[in-house]
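Here is upload_14.cif, consisting of mmCIF, C-alpha atoms:
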```cif
data_upload
loop_
_atom_site.label_atom_id
_atom_site.label_comp_id
_atom_site.auth_asym_id
_atom_site.auth_seq_id
_atom_site.Cartn_x
_atom_site.Cartn_y
_atom_site.Cartn_z
CA MET G 1 0.00 0.00 0.00
CA GLN G 2 2.70 2.39 1.13
CA ARG G 3 4.72 1.73 -2.02
CA TYR G 4 1.84 2.78 -4.26
CA LEU G 5 1.31 5.99 -2.30
CA ILE G 6 4.97 6.90 -2.60
CA ALA G 7 5.10 6.07 -6.29
CA SER G 8 1.96 8.09 -7.00
CA ALA G 9 3.25 11.07 -5.01
CA ALA G 10 6.54 10.87 -6.90
CA ALA G 11 4.74 10.78 -10.24
CA VAL G 12 2.65 13.82 -9.31
CA ALA G 13 5.78 15.66 -8.14
CA LEU G 14 7.51 14.83 -11.43
CA MET G 15 4.55 16.12 -13.41
CA LEU G 16 4.59 19.35 -11.37
CA ALA G 17 8.30 19.70 -12.10
CA ALA G 18 7.58 19.16 -15.79
CA SER G 19 4.85 21.83 -15.66
CA ALA G 20 7.33 24.22 -14.06
CA MET G 21 9.74 23.54 -16.91
CA ILE G 22 6.96 24.01 -19.48
CA PHE G 23 5.76 27.32 -18.06
CA PHE G 24 8.93 28.91 -16.69
CA PHE G 25 11.91 27.42 -18.49
CA ALA G 26 10.79 26.77 -22.08
CA PRO G 27 10.86 29.87 -24.29
CA THR G 28 7.61 31.21 -25.74
CA ASP G 29 7.09 30.27 -29.38
CA ALA G 30 7.66 33.25 -31.67
CA LEU G 31 4.76 32.44 -34.00
CA GLN G 32 2.15 30.73 -31.85
CA GLY G 33 2.76 32.40 -28.50
CA PRO G 34 2.02 30.72 -25.17
CA VAL G 35 -0.46 28.22 -26.65
CA GLN G 36 2.48 26.31 -28.14
CA ARG G 37 3.27 25.12 -24.60
CA ILE G 38 0.51 22.55 -25.10
CA PHE G 39 3.02 20.77 -27.35
CA TYR G 40 5.03 19.28 -24.48
CA LEU G 41 2.21 17.41 -22.81
CA HIS G 42 0.32 16.73 -26.04
CA VAL G 43 3.19 14.84 -27.66
CA SER G 44 4.28 13.24 -24.38
CA SER G 45 0.85 11.80 -23.70
CA ALA G 46 0.67 10.50 -27.27
CA ILE G 47 3.96 8.68 -26.69
CA ALA G 48 2.72 7.40 -23.33
CA ALA G 49 -0.40 6.11 -25.10
CA PHE G 50 1.71 4.34 -27.74
CA ALA G 51 3.87 2.80 -25.02
CA SER G 52 0.77 1.62 -23.13
CA PHE G 53 -0.67 0.03 -26.26
CA LEU G 54 2.67 -1.64 -26.92
CA VAL G 55 2.39 -3.15 -23.44
CA VAL G 56 -1.18 -4.26 -24.28
CA ALA G 57 -0.06 -5.95 -27.50
CA VAL G 58 3.02 -7.63 -26.03
CA ALA G 59 1.22 -8.72 -22.86
CA GLY G 60 -1.64 -9.99 -25.03
CA ALA G 61 0.78 -12.05 -27.10
CA VAL G 62 2.38 -13.41 -23.92
CA TYR G 63 -1.08 -14.33 -22.61
CA LEU G 64 -1.97 -16.19 -25.81
CA TRP G 65 1.36 -17.98 -25.69
CA ARG G 66 1.53 -18.85 -22.00
CA GLU G 67 -1.98 -18.19 -20.66
CA SER G 68 -0.30 -16.15 -17.96
CA VAL G 69 -2.82 -14.33 -15.79
CA VAL G 70 -0.15 -11.77 -14.92
CA ALA G 71 0.28 -10.80 -18.58
CA ASP G 72 -3.48 -10.53 -19.00
CA ARG G 73 -3.83 -8.34 -15.95
CA LEU G 74 -1.00 -6.14 -17.24
CA ALA G 75 -2.73 -5.83 -20.62
CA ARG G 76 -6.00 -4.90 -18.92
CA SER G 77 -4.31 -2.18 -16.88
CA ALA G 78 -2.26 -0.79 -19.76
CA ALA G 79 -5.28 -0.63 -22.09
CA LEU G 80 -7.19 1.57 -19.68
CA VAL G 81 -4.19 3.85 -19.15
CA GLY G 82 -3.57 3.98 -22.91
CA VAL G 83 -7.15 5.05 -23.56
CA VAL G 84 -6.81 7.74 -20.89
CA PHE G 85 -3.63 9.10 -22.49
CA THR G 86 -5.14 8.96 -25.98
CA THR G 87 -8.07 10.98 -24.65
CA VAL G 88 -5.65 13.51 -23.16
CA THR G 89 -3.79 13.70 -26.48
CA LEU G 90 -6.99 14.26 -28.45
CA VAL G 91 -8.43 16.84 -26.07
CA MET G 92 -5.18 18.79 -25.77
CA GLY G 93 -4.76 18.62 -29.54
CA MET G 94 -8.23 20.10 -29.98
CA MET G 95 -7.44 22.87 -27.51
CA TRP G 96 -4.31 23.64 -29.48
CA ALA G 97 -6.02 23.37 -32.86
CA LYS G 98 -8.76 25.88 -32.09
CA PRO G 99 -6.53 28.97 -31.79
CA ILE G 100 -3.96 27.87 -34.40
CA TRP G 101 -6.06 26.17 -37.12
CA GLY G 102 -9.28 27.97 -36.23
CA THR G 103 -11.16 24.72 -35.68
CA PHE G 104 -11.28 22.01 -33.03
CA TRP G 105 -11.25 19.20 -35.52
CA THR G 106 -10.22 18.56 -39.09
CA TRP G 107 -10.20 15.24 -40.95
CA ASP G 108 -6.47 15.12 -41.12
CA ALA G 109 -4.77 11.70 -41.38
CA ARG G 110 -3.01 12.08 -38.02
CA LEU G 111 -6.17 13.20 -36.22
CA THR G 112 -8.36 10.60 -37.83
CA SER G 113 -5.98 7.72 -37.19
CA THR G 114 -5.62 8.81 -33.55
CA LEU G 115 -9.39 8.87 -33.16
CA VAL G 116 -9.50 5.39 -34.68
CA LEU G 117 -6.87 4.29 -32.15
CA TRP G 118 -9.09 5.57 -29.35
CA ILE G 119 -12.09 3.73 -30.79
CA ILE G 120 -10.14 0.47 -31.18
CA TYR G 121 -8.99 0.38 -27.57
CA ALA G 122 -12.32 1.62 -26.27
CA GLY G 123 -13.64 -1.44 -28.13
CA TYR G 124 -10.98 -3.49 -26.34
CA LEU G 125 -12.36 -2.37 -23.00
CA LEU G 126 -15.90 -3.16 -24.20
CA VAL G 127 -14.90 -6.67 -25.31
CA ARG G 128 -13.51 -7.27 -21.84
CA ARG G 129 -16.88 -6.37 -20.33
CA LEU G 130 -19.06 -8.27 -22.81
CA ALA G 131 -17.11 -11.51 -23.10
CA ALA G 132 -17.51 -14.25 -20.55
CA PRO G 133 -15.04 -13.38 -17.79
CA GLY G 134 -11.93 -15.48 -17.61
CA ARG G 135 -10.29 -17.16 -20.55
CA GLN G 136 -12.71 -15.91 -23.20
CA ALA G 137 -12.40 -12.27 -22.19
CA ALA G 138 -8.63 -12.57 -21.92
CA ARG G 139 -8.22 -14.28 -25.30
CA PHE G 140 -10.58 -12.01 -27.22
CA ALA G 141 -9.08 -8.92 -25.64
CA ALA G 142 -5.56 -10.11 -26.45
CA VAL G 143 -6.52 -10.59 -30.11
CA VAL G 144 -8.15 -7.15 -30.28
CA GLY G 145 -5.15 -5.60 -28.55
CA ILE G 146 -2.68 -7.15 -30.98
CA PHE G 147 -4.73 -6.25 -34.08
CA GLY G 148 -5.39 -2.78 -32.73
CA PHE G 149 -1.68 -2.16 -32.50
CA VAL G 150 -1.59 -2.15 -36.30
CA ASP G 151 -2.99 1.38 -36.03
CA VAL G 152 -0.13 2.69 -33.88
CA PRO G 153 2.48 2.80 -36.70
CA ILE G 154 -0.24 4.23 -38.96
CA VAL G 155 -0.76 7.08 -36.49
CA TYR G 156 2.98 7.58 -36.15
CA PHE G 157 3.79 7.60 -39.86
CA SER G 158 0.56 9.32 -40.96
CA VAL G 159 2.34 12.67 -41.09
CA THR G 160 4.96 11.29 -43.47
CA TRP G 161 2.66 9.10 -45.59
CA TRP G 162 -0.02 11.69 -46.23
CA ARG G 163 -0.04 15.43 -46.63
CA THR G 164 -1.33 16.56 -43.27
CA VAL G 165 -2.15 19.80 -41.51
CA HIS G 166 -0.73 18.23 -38.38
CA PRO G 167 3.01 19.01 -38.12
CA GLY G 168 5.47 16.21 -38.76
CA PRO G 169 8.14 14.90 -36.40
CA VAL G 170 10.17 17.68 -34.76
CA ILE G 171 12.46 15.63 -32.53
CA SER G 172 14.10 13.34 -35.08
CA THR G 173 14.43 16.24 -37.53
CA ASP G 174 16.19 18.37 -34.92
CA ALA G 175 13.78 21.26 -35.40
CA LEU G 176 13.59 22.31 -31.75
CA PRO G 177 15.85 24.82 -29.97
CA PRO G 178 17.79 23.19 -27.09
CA GLU G 179 15.60 24.64 -24.28
CA MET G 180 12.44 23.35 -25.91
CA LEU G 181 14.05 19.97 -26.59
CA LEU G 182 15.20 19.66 -22.98
CA THR G 183 11.75 20.60 -21.68
CA PHE G 184 10.13 18.13 -24.05
CA LEU G 185 12.43 15.25 -23.17
CA LEU G 186 11.92 15.88 -19.46
CA THR G 187 8.13 16.12 -19.83
CA MET G 188 8.15 12.92 -21.86
CA ALA G 189 10.17 11.09 -19.22
CA CYS G 190 7.85 12.33 -16.46
CA THR G 191 4.75 11.38 -18.44
CA LEU G 192 6.12 7.89 -19.06
CA VAL G 193 6.78 7.53 -15.33
CA LEU G 194 3.23 8.70 -14.64
CA ALA G 195 1.89 6.15 -17.12
CA ALA G 196 3.97 3.38 -15.55
CA VAL G 197 2.72 4.30 -12.08
CA MET G 198 -0.87 4.42 -13.31
CA ILE G 199 -0.48 0.98 -14.89
CA ALA G 200 1.05 -0.35 -11.66
CA VAL G 201 -1.78 1.05 -9.53
CA ARG G 202 -4.37 -0.30 -11.94
CA TYR G 203 -2.61 -3.66 -11.91
CA ARG G 204 -2.92 -3.70 -8.15
CA ILE G 205 -6.65 -2.92 -8.39
CA GLU G 206 -7.13 -5.69 -10.95
CA ALA G 207 -5.17 -8.09 -8.76
CA LEU G 208 -7.34 -7.22 -5.75
CA GLN G 209 -10.46 -7.70 -7.82
CA ASP G 210 -9.18 -11.07 -8.98
CA ALA G 211 -8.60 -11.98 -5.34
CA GLN G 212 -12.31 -11.51 -4.54
CA PRO G 213 -14.22 -14.79 -4.16
CA GLN G 214 -15.87 -14.51 -7.57
CA GLY G 215 -12.57 -13.28 -9.01
CA GLN G 216 -10.92 -16.49 -7.89
CA PHE G 217 -13.42 -18.42 -9.92
CA VAL G 218 -12.71 -16.30 -12.99
CA LEU G 219 -8.98 -16.72 -12.49
CA GLN G 220 -9.35 -20.47 -12.45
CA ALA G 221 -11.16 -20.23 -15.76
CA ALA G 222 -8.42 -18.11 -17.32
CA ARG G 223 -5.60 -20.44 -16.35
CA ARG G 224 -4.47 -23.33 -18.44
CA PRO G 225 -6.34 -26.43 -17.29
CA THR G 226 -3.99 -28.38 -15.07
CA SER G 227 -5.55 -31.81 -15.30
CA MET J 1 -2.67 -30.09 -48.36
CA ARG J 2 -5.03 -31.30 -45.67
CA PHE J 3 -5.40 -27.70 -44.56
CA LEU J 4 -6.57 -26.64 -48.00
CA ALA J 5 -8.89 -29.63 -48.32
CA ILE J 6 -10.57 -28.77 -45.01
CA ALA J 7 -10.81 -25.09 -45.88
CA PHE J 8 -12.44 -25.89 -49.20
CA ALA J 9 -14.79 -28.40 -47.59
CA VAL J 10 -15.94 -25.83 -45.03
CA GLY J 11 -16.25 -23.17 -47.68
CA ARG J 12 -18.16 -25.52 -49.94
CA LYS J 13 -20.52 -26.42 -47.11
CA ASP J 14 -21.29 -22.73 -46.47
CA LEU J 15 -21.80 -21.92 -50.12
CA LEU J 16 -23.96 -25.00 -50.61
CA SER J 17 -26.19 -24.10 -47.68
CA GLU J 18 -26.45 -20.58 -49.05
CA TRP J 19 -27.29 -21.97 -52.50
CA ARG J 20 -30.02 -24.17 -51.05
CA SER J 21 -31.61 -21.57 -48.81
CA ARG J 22 -30.70 -18.49 -50.88
CA GLU J 23 -31.38 -16.29 -47.90
CA LEU J 24 -28.37 -13.98 -47.81
CA VAL J 25 -27.21 -13.09 -51.31
CA PRO J 26 -30.54 -11.92 -52.77
CA ALA J 27 -31.19 -9.79 -49.70
CA LEU J 28 -27.67 -8.35 -49.76
CA ALA J 29 -27.81 -7.62 -53.47
CA GLN J 30 -31.09 -5.85 -52.93
CA PHE J 31 -29.56 -3.99 -50.02
CA VAL J 32 -26.62 -2.64 -52.03
CA VAL J 33 -28.94 -1.45 -54.77
CA LEU J 34 -31.16 0.19 -52.16
CA ALA J 35 -28.10 1.89 -50.69
CA LEU J 36 -27.55 3.54 -54.07
CA VAL J 37 -31.16 4.70 -54.14
CA ILE J 38 -30.94 6.15 -50.63
CA ALA J 39 -27.63 7.82 -51.49
CA ASN J 40 -29.29 9.44 -54.46
CA PHE J 41 -31.76 11.16 -52.16
CA GLY J 42 -29.21 11.90 -49.47
CA PHE J 43 -26.68 13.54 -51.76
CA GLN J 44 -28.86 15.09 -54.49
CA ILE J 45 -26.79 13.39 -57.16
CA ASN J 46 -26.59 14.91 -60.62
CA ASN J 47 -24.26 14.51 -63.58
CA ASP J 48 -21.71 16.93 -62.14
CA ASN J 49 -21.12 15.39 -58.73
CA ALA J 50 -21.84 11.71 -59.45
CA PHE J 51 -18.15 10.88 -60.03
CA GLU J 52 -17.09 12.44 -56.75
CA ILE J 53 -19.80 10.85 -54.65
CA ALA J 54 -19.87 7.39 -56.23
CA PRO J 55 -16.69 6.03 -54.56
CA GLY J 56 -17.96 6.99 -51.10
CA ILE J 57 -21.30 5.32 -51.69
CA LEU J 58 -19.58 2.24 -53.10
CA TRP J 59 -17.54 1.77 -49.93
CA LEU J 60 -20.44 2.52 -47.59
CA ALA J 61 -22.64 -0.05 -49.33
CA LEU J 62 -19.81 -2.57 -49.41
CA VAL J 63 -18.86 -2.11 -45.77
CA PHE J 64 -22.38 -2.59 -44.49
CA ALA J 65 -23.09 -5.50 -46.81
CA GLY J 66 -19.82 -7.03 -45.59
CA LEU J 67 -20.78 -6.62 -41.95
CA VAL J 68 -24.04 -8.47 -42.57
CA ALA J 69 -22.41 -11.21 -44.65
CA PHE J 70 -19.60 -11.92 -42.17
CA GLY J 71 -21.87 -11.58 -39.16
CA ARG J 72 -24.26 -14.14 -40.60
CA ALA J 73 -21.45 -16.59 -41.38
CA PHE J 74 -20.82 -17.23 -37.70
CA ALA J 75 -24.17 -16.28 -36.19
CA ALA J 76 -25.79 -19.15 -38.11
CA GLU J 77 -23.17 -21.62 -36.86
CA LYS J 78 -23.66 -20.38 -33.33
CA GLU J 79 -27.44 -20.73 -33.47
CA GLN J 80 -27.16 -24.32 -34.63
CA ALA J 81 -24.26 -24.99 -32.23
CA SER J 82 -22.47 -26.47 -35.24
CA LEU J 83 -19.33 -24.41 -34.66
CA GLU J 84 -18.58 -26.43 -31.53
CA ALA J 85 -19.03 -29.60 -33.53
CA MET J 86 -16.54 -28.42 -36.13
CA ILE J 87 -14.02 -27.42 -33.48
CA LEU J 88 -14.33 -30.84 -31.85
CA THR J 89 -13.07 -32.49 -35.03
CA SER J 90 -9.35 -32.79 -35.55
CA ALA J 91 -9.42 -30.08 -38.21
CA PRO J 92 -7.06 -27.18 -37.48
CA PRO J 93 -9.11 -24.10 -36.42
CA ALA J 94 -7.24 -21.95 -38.91
CA ALA J 95 -8.50 -24.18 -41.74
CA ILE J 96 -12.10 -23.96 -40.53
CA PHE J 97 -11.71 -20.23 -40.24
CA ALA J 98 -10.17 -19.97 -43.72
CA GLY J 99 -13.10 -21.91 -45.16
CA LYS J 100 -15.65 -19.67 -43.47
CA ALA J 101 -13.83 -16.54 -44.64
CA LEU J 102 -13.56 -17.94 -48.15
CA ALA J 103 -17.30 -18.60 -48.34
CA ALA J 104 -18.34 -15.29 -46.80
CA GLY J 105 -15.87 -13.44 -49.01
CA THR J 106 -17.30 -15.18 -52.07
CA LEU J 107 -20.79 -14.06 -51.09
CA LEU J 108 -19.55 -10.50 -50.82
CA VAL J 109 -17.86 -10.78 -54.22
CA ILE J 110 -21.20 -11.87 -55.68
CA CYS J 111 -22.77 -8.74 -54.17
CA GLU J 112 -20.01 -6.66 -55.71
CA ALA J 113 -20.75 -8.25 -59.07
CA VAL J 114 -24.22 -6.73 -58.66
CA LEU J 115 -23.14 -3.47 -57.08
CA LEU J 116 -20.47 -2.40 -59.57
CA PRO J 117 -22.52 -2.73 -62.77
CA VAL J 118 -25.57 -1.17 -61.13
CA MET J 119 -23.48 1.73 -59.90
CA SER J 120 -22.02 2.17 -63.34
CA LEU J 121 -25.54 2.11 -64.76
CA PHE J 122 -27.04 4.60 -62.32
CA PHE J 123 -24.07 6.93 -61.83
CA GLY J 124 -22.47 6.70 -65.25
CA THR J 125 -19.13 5.73 -63.73
CA PRO J 126 -16.79 3.63 -65.89
CA LEU J 127 -16.63 -0.07 -65.11
CA THR J 128 -12.93 -0.83 -65.46
CA PHE J 129 -10.69 -3.74 -64.59
CA GLU J 130 -8.82 -1.53 -62.11
CA LEU J 131 -12.05 -0.76 -60.26
CA ALA J 132 -12.97 -4.43 -60.00
CA ALA J 133 -9.41 -5.35 -58.95
CA THR J 134 -9.37 -2.72 -56.20
CA VAL J 135 -12.69 -3.80 -54.78
CA PHE J 136 -11.72 -7.47 -54.99
CA LEU J 137 -8.38 -6.97 -53.25
CA ALA J 138 -10.03 -4.96 -50.49
CA THR J 139 -12.60 -7.74 -50.08
CA ILE J 140 -9.87 -10.27 -49.22
CA GLY J 141 -8.62 -8.22 -46.29
CA MET J 142 -12.16 -7.33 -45.25
CA ALA J 143 -13.17 -10.99 -45.26
CA ALA J 144 -10.18 -12.04 -43.13
CA LEU J 145 -10.74 -9.36 -40.51
CA GLY J 146 -14.52 -9.42 -40.70
CA CYS J 147 -14.74 -13.18 -40.21
CA MET J 148 -12.31 -13.14 -37.32
CA PHE J 149 -14.30 -10.55 -35.43
CA ALA J 150 -17.56 -12.22 -36.45
CA ALA J 151 -16.29 -15.45 -34.89
CA MET J 152 -15.46 -13.46 -31.79
CA VAL J 153 -18.69 -11.52 -31.41
CA ALA J 154 -20.82 -14.59 -32.11
CA GLN J 155 -19.71 -15.69 -28.65
CA LEU J 156 -20.34 -12.30 -27.01
CA ARG J 157 -23.37 -10.62 -25.65
CA ALA J 158 -24.65 -7.75 -27.82
CA ARG J 159 -23.04 -9.24 -30.93
CA GLU J 160 -24.89 -7.06 -33.45
CA VAL J 161 -23.42 -3.90 -31.94
CA MET J 162 -19.96 -5.23 -31.30
CA LEU J 163 -19.24 -6.49 -34.83
CA PRO J 164 -19.17 -3.06 -36.51
CA LEU J 165 -17.49 -1.56 -33.47
CA LEU J 166 -14.53 -3.93 -33.67
CA THR J 167 -14.38 -4.45 -37.42
CA LEU J 168 -14.83 -0.98 -38.87
CA PRO J 169 -11.75 0.62 -37.25
CA LEU J 170 -9.53 -2.11 -38.65
CA TRP J 171 -11.12 -1.96 -42.10
CA ILE J 172 -10.19 1.70 -42.29
CA PRO J 173 -6.69 1.14 -43.76
CA LEU J 174 -8.26 -0.92 -46.55
CA ILE J 175 -10.93 1.71 -47.12
CA ILE J 176 -8.45 4.58 -47.18
CA VAL J 177 -6.29 2.90 -49.81
CA GLY J 178 -9.22 1.38 -51.69
CA GLY J 179 -11.15 4.65 -51.61
CA GLN J 180 -8.25 6.53 -53.11
CA ALA J 181 -7.77 3.87 -55.77
CA VAL J 182 -11.45 3.81 -56.69
CA GLN J 183 -11.48 7.57 -56.91
CA ASN J 184 -8.54 7.41 -59.30
CA ALA J 185 -10.08 4.55 -61.27
CA ILE J 186 -13.41 6.36 -61.64
CA GLY J 187 -12.13 9.90 -61.97
CA GLY J 188 -9.31 8.82 -64.26
CA GLY J 189 -6.74 10.78 -62.26
CA GLY J 190 -3.43 9.24 -61.28
CA ALA J 191 -2.08 5.72 -61.33
CA ILE J 192 -3.48 3.12 -58.99
CA ASP J 193 -0.76 0.44 -59.23
CA GLN J 194 0.75 1.63 -55.98
CA ALA J 195 -2.60 1.49 -54.22
CA LEU J 196 -3.21 -2.01 -55.53
CA TRP J 197 0.16 -3.21 -54.23
CA LEU J 198 -0.55 -1.58 -50.88
CA LEU J 199 -3.86 -3.46 -50.78
CA VAL J 200 -1.99 -6.69 -51.50
CA ASP J 201 0.35 -5.88 -48.60
CA PHE J 202 -2.58 -5.27 -46.26
CA ASP J 203 -4.24 -8.49 -47.47
CA ILE J 204 -1.12 -10.52 -46.71
CA LEU J 205 -0.72 -8.88 -43.29
CA PHE J 206 -4.34 -9.43 -42.27
CA VAL J 207 -4.61 -12.95 -43.67
CA VAL J 208 -1.46 -14.02 -41.82
CA LEU J 209 -2.50 -12.32 -38.57
CA THR J 210 -6.04 -13.67 -38.65
CA SER J 211 -4.96 -17.22 -39.41
CA LEU J 212 -2.58 -17.04 -36.45
CA ALA J 213 -5.36 -15.67 -34.25
CA ALA J 214 -8.05 -18.08 -35.48
CA ARG J 215 -7.08 -20.76 -32.95
CA PHE J 216 -7.66 -18.43 -30.03
CA VAL J 217 -10.85 -16.89 -31.35
CA LEU J 218 -12.71 -20.03 -32.43
CA ASP J 219 -11.97 -22.02 -29.30
CA ALA J 220 -12.58 -19.69 -26.39
#
```

Show me this structure written as structure tokens.
Amino acid sequence: MQRYLIASAAAVALMLAASAMIFFFAPTDALQGPVQRIFYLHVSSAIAAFASFLVVAVAGAVYLWRESVVADRLARSAALVGVVFTTVTLVMGMMWAKPIWGTFWTWDARLTSTLVLWIIYAGYLLVRRLAAPGRQAARFAAVVGIFGFVDVPIVYFSVTWWRTVHPGPVISTDALPPEMLLTFLLTMACTLVLAAVMIAVRYRIEALQDAQPQGQFVLQAARRPTS
Amino acid sequence: MRFLAIAFAVGRKDLLSEWRSRELVPALAQFVVLALVIANFGFQINNDNAFEIAPGILWLALVFAGLVAFGRAFAAEKEQASLEAMILTSAPPAAIFAGKALAAGTLLVICEAVLLPVMSLFFGTPLTFELAATVFLATIGMAALGCMFAAMVAQLRAREVMLPLLTLPLWIPLIIVGGQAVQNAIGGGGAIDQALWLLVDFDILFVVLTSLAARFVLDA
């Protein structure tokens, strides 16, 4: 219990430190003004979402291979966190788009594929609820999680494959001044820590739920039959 | 060899039962034609905009016909509890799945054979080999994905809602590429070879992934 409190407090402190960097250290963008500061958290949460979905896909594959309840629980937790971070990415993107593009939403390849990503993993969470708990839910969810991951590279490369309004990569192309780059890298690291802590806390919740009397029954069903 | 034999046997069984009952294809063919009629009222189609709107309507009609065709393929098995019987045999699940997808895909191709000429008749769009090839290649990927999720949702509660919810997002890559290719094929602008190869890539990816996943989806 104590460990989770400390980890959560540390994650919050890191995020506050990142906010301080974003608002007080990073220079104001010459063209866009203060609204450009959305960039740091917007891109970081997108990367955290990708990382979470990678965990979902890998853990799903491990579950299908080994029928490991631990992997399934990890996938469950990471999917929820990934959806949360995709939501954050979309909402912050809209907030940024309104003043800069003049509209909350445009059917740009990057935006559309990100929305599709959200829908896929929201579907993942739905499958978990609608399938029979235990092995069926775990297997179906693992399959959806692995197939859904196909969309992640599409989101990532959408800005290079299609002509988009959404800006392309700025990190790999070295387009950021050093202060902005430092702020971004720090925010990204903090956001990834936050995501990891959220997944860990969620994992704990799932584990406790599995430990409930009816959870035990479900767990038995998810495991490989021993006899 | 045995894999192919089983797949063809399952596919043949499905097509034969469809041939005897003739319950799906006539209804679907009627549905795709109706979709064109509805689109006509929805979009106020005239000679100027028909070429721009036709590709969108084509994909909408195809996607919804596909959802029904693939959904039926497994819903019927589930109702009769015959899917369990097939899984109990020593046949590899991937082969059973391939057969189901083959049959359902064939049914959709028959619908396309109705849809494309009718669209060309009503909208004045050209009926070219490229158009047919694009639609056919997209159908392969759609059948693989659609049947996998149909097998999944047949075992879920609320299956009618869940099938489009899971399938449509993953069909989007096929529809993006196919939509562009159809627009080029109909509008006559730009080459579509690249789009066709991309569709082949997607088909290979989805067929391989779904045949790997079939074991876990059919027997859960």

Point-to-point distance in Å for atom CA of Thr89 of chain G and atom CA of Leu111 of chain G: 10.0 Å

Go through segment 157-224 of chain G residue by residue and, counting only C-alpha atoms, keep those with an atom at most 12 Å from segment 95-100 of chain G; for each kept residue give the shortest atom pair and its distance in Å to one decimal, ordered by chain and increasing number, as a Markdown table.
```
| residue | atom | partner | partner_atom | distance |
| --- | --- | --- | --- | --- |
| G:Val165 | CA | G:Ala97 | CA | 10.1 |
| G:His166 | CA | G:Ala97 | CA | 9.2 |
| G:Pro167 | CA | G:Ala97 | CA | 11.3 |
```

Output check: residues returned by the PyMOL selection byres ((chain G and resi 194) around 8), as JSON, numbers by chain: {"G": [8, 11, 12, 15, 190, 191, 192, 193, 195, 196, 197, 198]}

Can those selected residues be exported to a file as a PDB file, in the frame of the given file so that it contains C-alpha atoms?
```pdb
ATOM      1  CA  SER G   8       1.960   8.090  -7.000  1.00  0.00           C
ATOM      2  CA  ALA G  11       4.740  10.780 -10.240  1.00  0.00           C
ATOM      3  CA  VAL G  12       2.650  13.820  -9.310  1.00  0.00           C
ATOM      4  CA  MET G  15       4.550  16.120 -13.410  1.00  0.00           C
ATOM      5  CA  CYS G 190       7.850  12.330 -16.460  1.00  0.00           C
ATOM      6  CA  THR G 191       4.750  11.380 -18.440  1.00  0.00           C
ATOM      7  CA  LEU G 192       6.120   7.890 -19.060  1.00  0.00           C
ATOM      8  CA  VAL G 193       6.780   7.530 -15.330  1.00  0.00           C
ATOM      9  CA  ALA G 195       1.890   6.150 -17.120  1.00  0.00           C
ATOM     10  CA  ALA G 196       3.970   3.380 -15.550  1.00  0.00           C
ATOM     11  CA  VAL G 197       2.720   4.300 -12.080  1.00  0.00           C
ATOM     12  CA  MET G 198      -0.870   4.420 -13.310  1.00  0.00           C
TER      13      MET G 198
END
```

Test item: residues at most 10 Å from Glu52 of chain J, all atoms listed in the file, excluding those fewer than 3 positions along its chain, as a PyMOL selection string: chain J and resi 45+48-49+55-57+125+183+186-187

Hits of the PyMOL selection byres ((chain G) within 8 of (chain J)) in this structure, as a ChimeraX atom specification: /G:64,116-117,119-120,123,127,130-132,135-136,139-140,143-144,147-148,151

Residue selection dump (C-alpha atoms) as a PDB file, in the coordinates of the input:
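Final file, out.pdb:
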```pdb
ATOM      1  CA  LEU G  64      -1.970 -16.190 -25.810  1.00  0.00           C
ATOM      2  CA  VAL G 116      -9.500   5.390 -34.680  1.00  0.00           C
ATOM      3  CA  LEU G 117      -6.870   4.290 -32.150  1.00  0.00           C
ATOM      4  CA  ILE G 119     -12.090   3.730 -30.790  1.00  0.00           C
ATOM      5  CA  ILE G 120     -10.140   0.470 -31.180  1.00  0.00           C
ATOM      6  CA  GLY G 123     -13.640  -1.440 -28.130  1.00  0.00           C
ATOM      7  CA  VAL G 127     -14.900  -6.670 -25.310  1.00  0.00           C
ATOM      8  CA  LEU G 130     -19.060  -8.270 -22.810  1.00  0.00           C
ATOM      9  CA  ALA G 131     -17.110 -11.510 -23.100  1.00  0.00           C
ATOM     10  CA  ALA G 132     -17.510 -14.250 -20.550  1.00  0.00           C
ATOM     11  CA  ARG G 135     -10.290 -17.160 -20.550  1.00  0.00           C
ATOM     12  CA  GLN G 136     -12.710 -15.910 -23.200  1.00  0.00           C
ATOM     13  CA  ARG G 139      -8.220 -14.280 -25.300  1.00  0.00           C
ATOM     14  CA  PHE G 140     -10.580 -12.010 -27.220  1.00  0.00           C
ATOM     15  CA  VAL G 143      -6.520 -10.590 -30.110  1.00  0.00           C
ATOM     16  CA  VAL G 144      -8.150  -7.150 -30.280  1.00  0.00           C
ATOM     17  CA  PHE G 147      -4.730  -6.250 -34.080  1.00  0.00           C
ATOM     18  CA  GLY G 148      -5.390  -2.780 -32.730  1.00  0.00           C
ATOM     19  CA  ASP G 151      -2.990   1.380 -36.030  1.00  0.00           C
TER      20      ASP G 151
END
```

Å distance separating atom CA of Ala200 of chain G from atom CA of Ala48 of chain G, one decimal place: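 A separation of 14.1 Å between them.
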
Nearest residue to Ala65 of chain J from the set J:Val37, J:Ile140, J:Leu107, J:Ala85 (distances using all atoms listed in the file):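 Distance minimum relative to Ala65 of chain J lands on J:Leu107.
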
Test item: the PyMOL selection byres ((chain J and resi 199) around 7) resolved as a PyMOL selection string: chain J and resi 137-138+174+177+195-198+200-203

Keeping C-alpha atoms for every residue in the selection just given, could you write it to a file as a compact mmCIF listing (two decimals), keeping the file's coordinate frame?
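Produced file part_31.txt, reproduced below:
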```
# COMPACT_ATOMS: atom_id res chain seq x y z
CA LEU J 137 -8.38 -6.97 -53.25
CA ALA J 138 -10.03 -4.96 -50.49
CA LEU J 174 -8.26 -0.92 -46.55
CA VAL J 177 -6.29 2.90 -49.81
CA ALA J 195 -2.60 1.49 -54.22
CA LEU J 196 -3.21 -2.01 -55.53
CA TRP J 197 0.16 -3.21 -54.23
CA LEU J 198 -0.55 -1.58 -50.88
CA VAL J 200 -1.99 -6.69 -51.50
CA ASP J 201 0.35 -5.88 -48.60
CA PHE J 202 -2.58 -5.27 -46.26
CA ASP J 203 -4.24 -8.49 -47.47
```
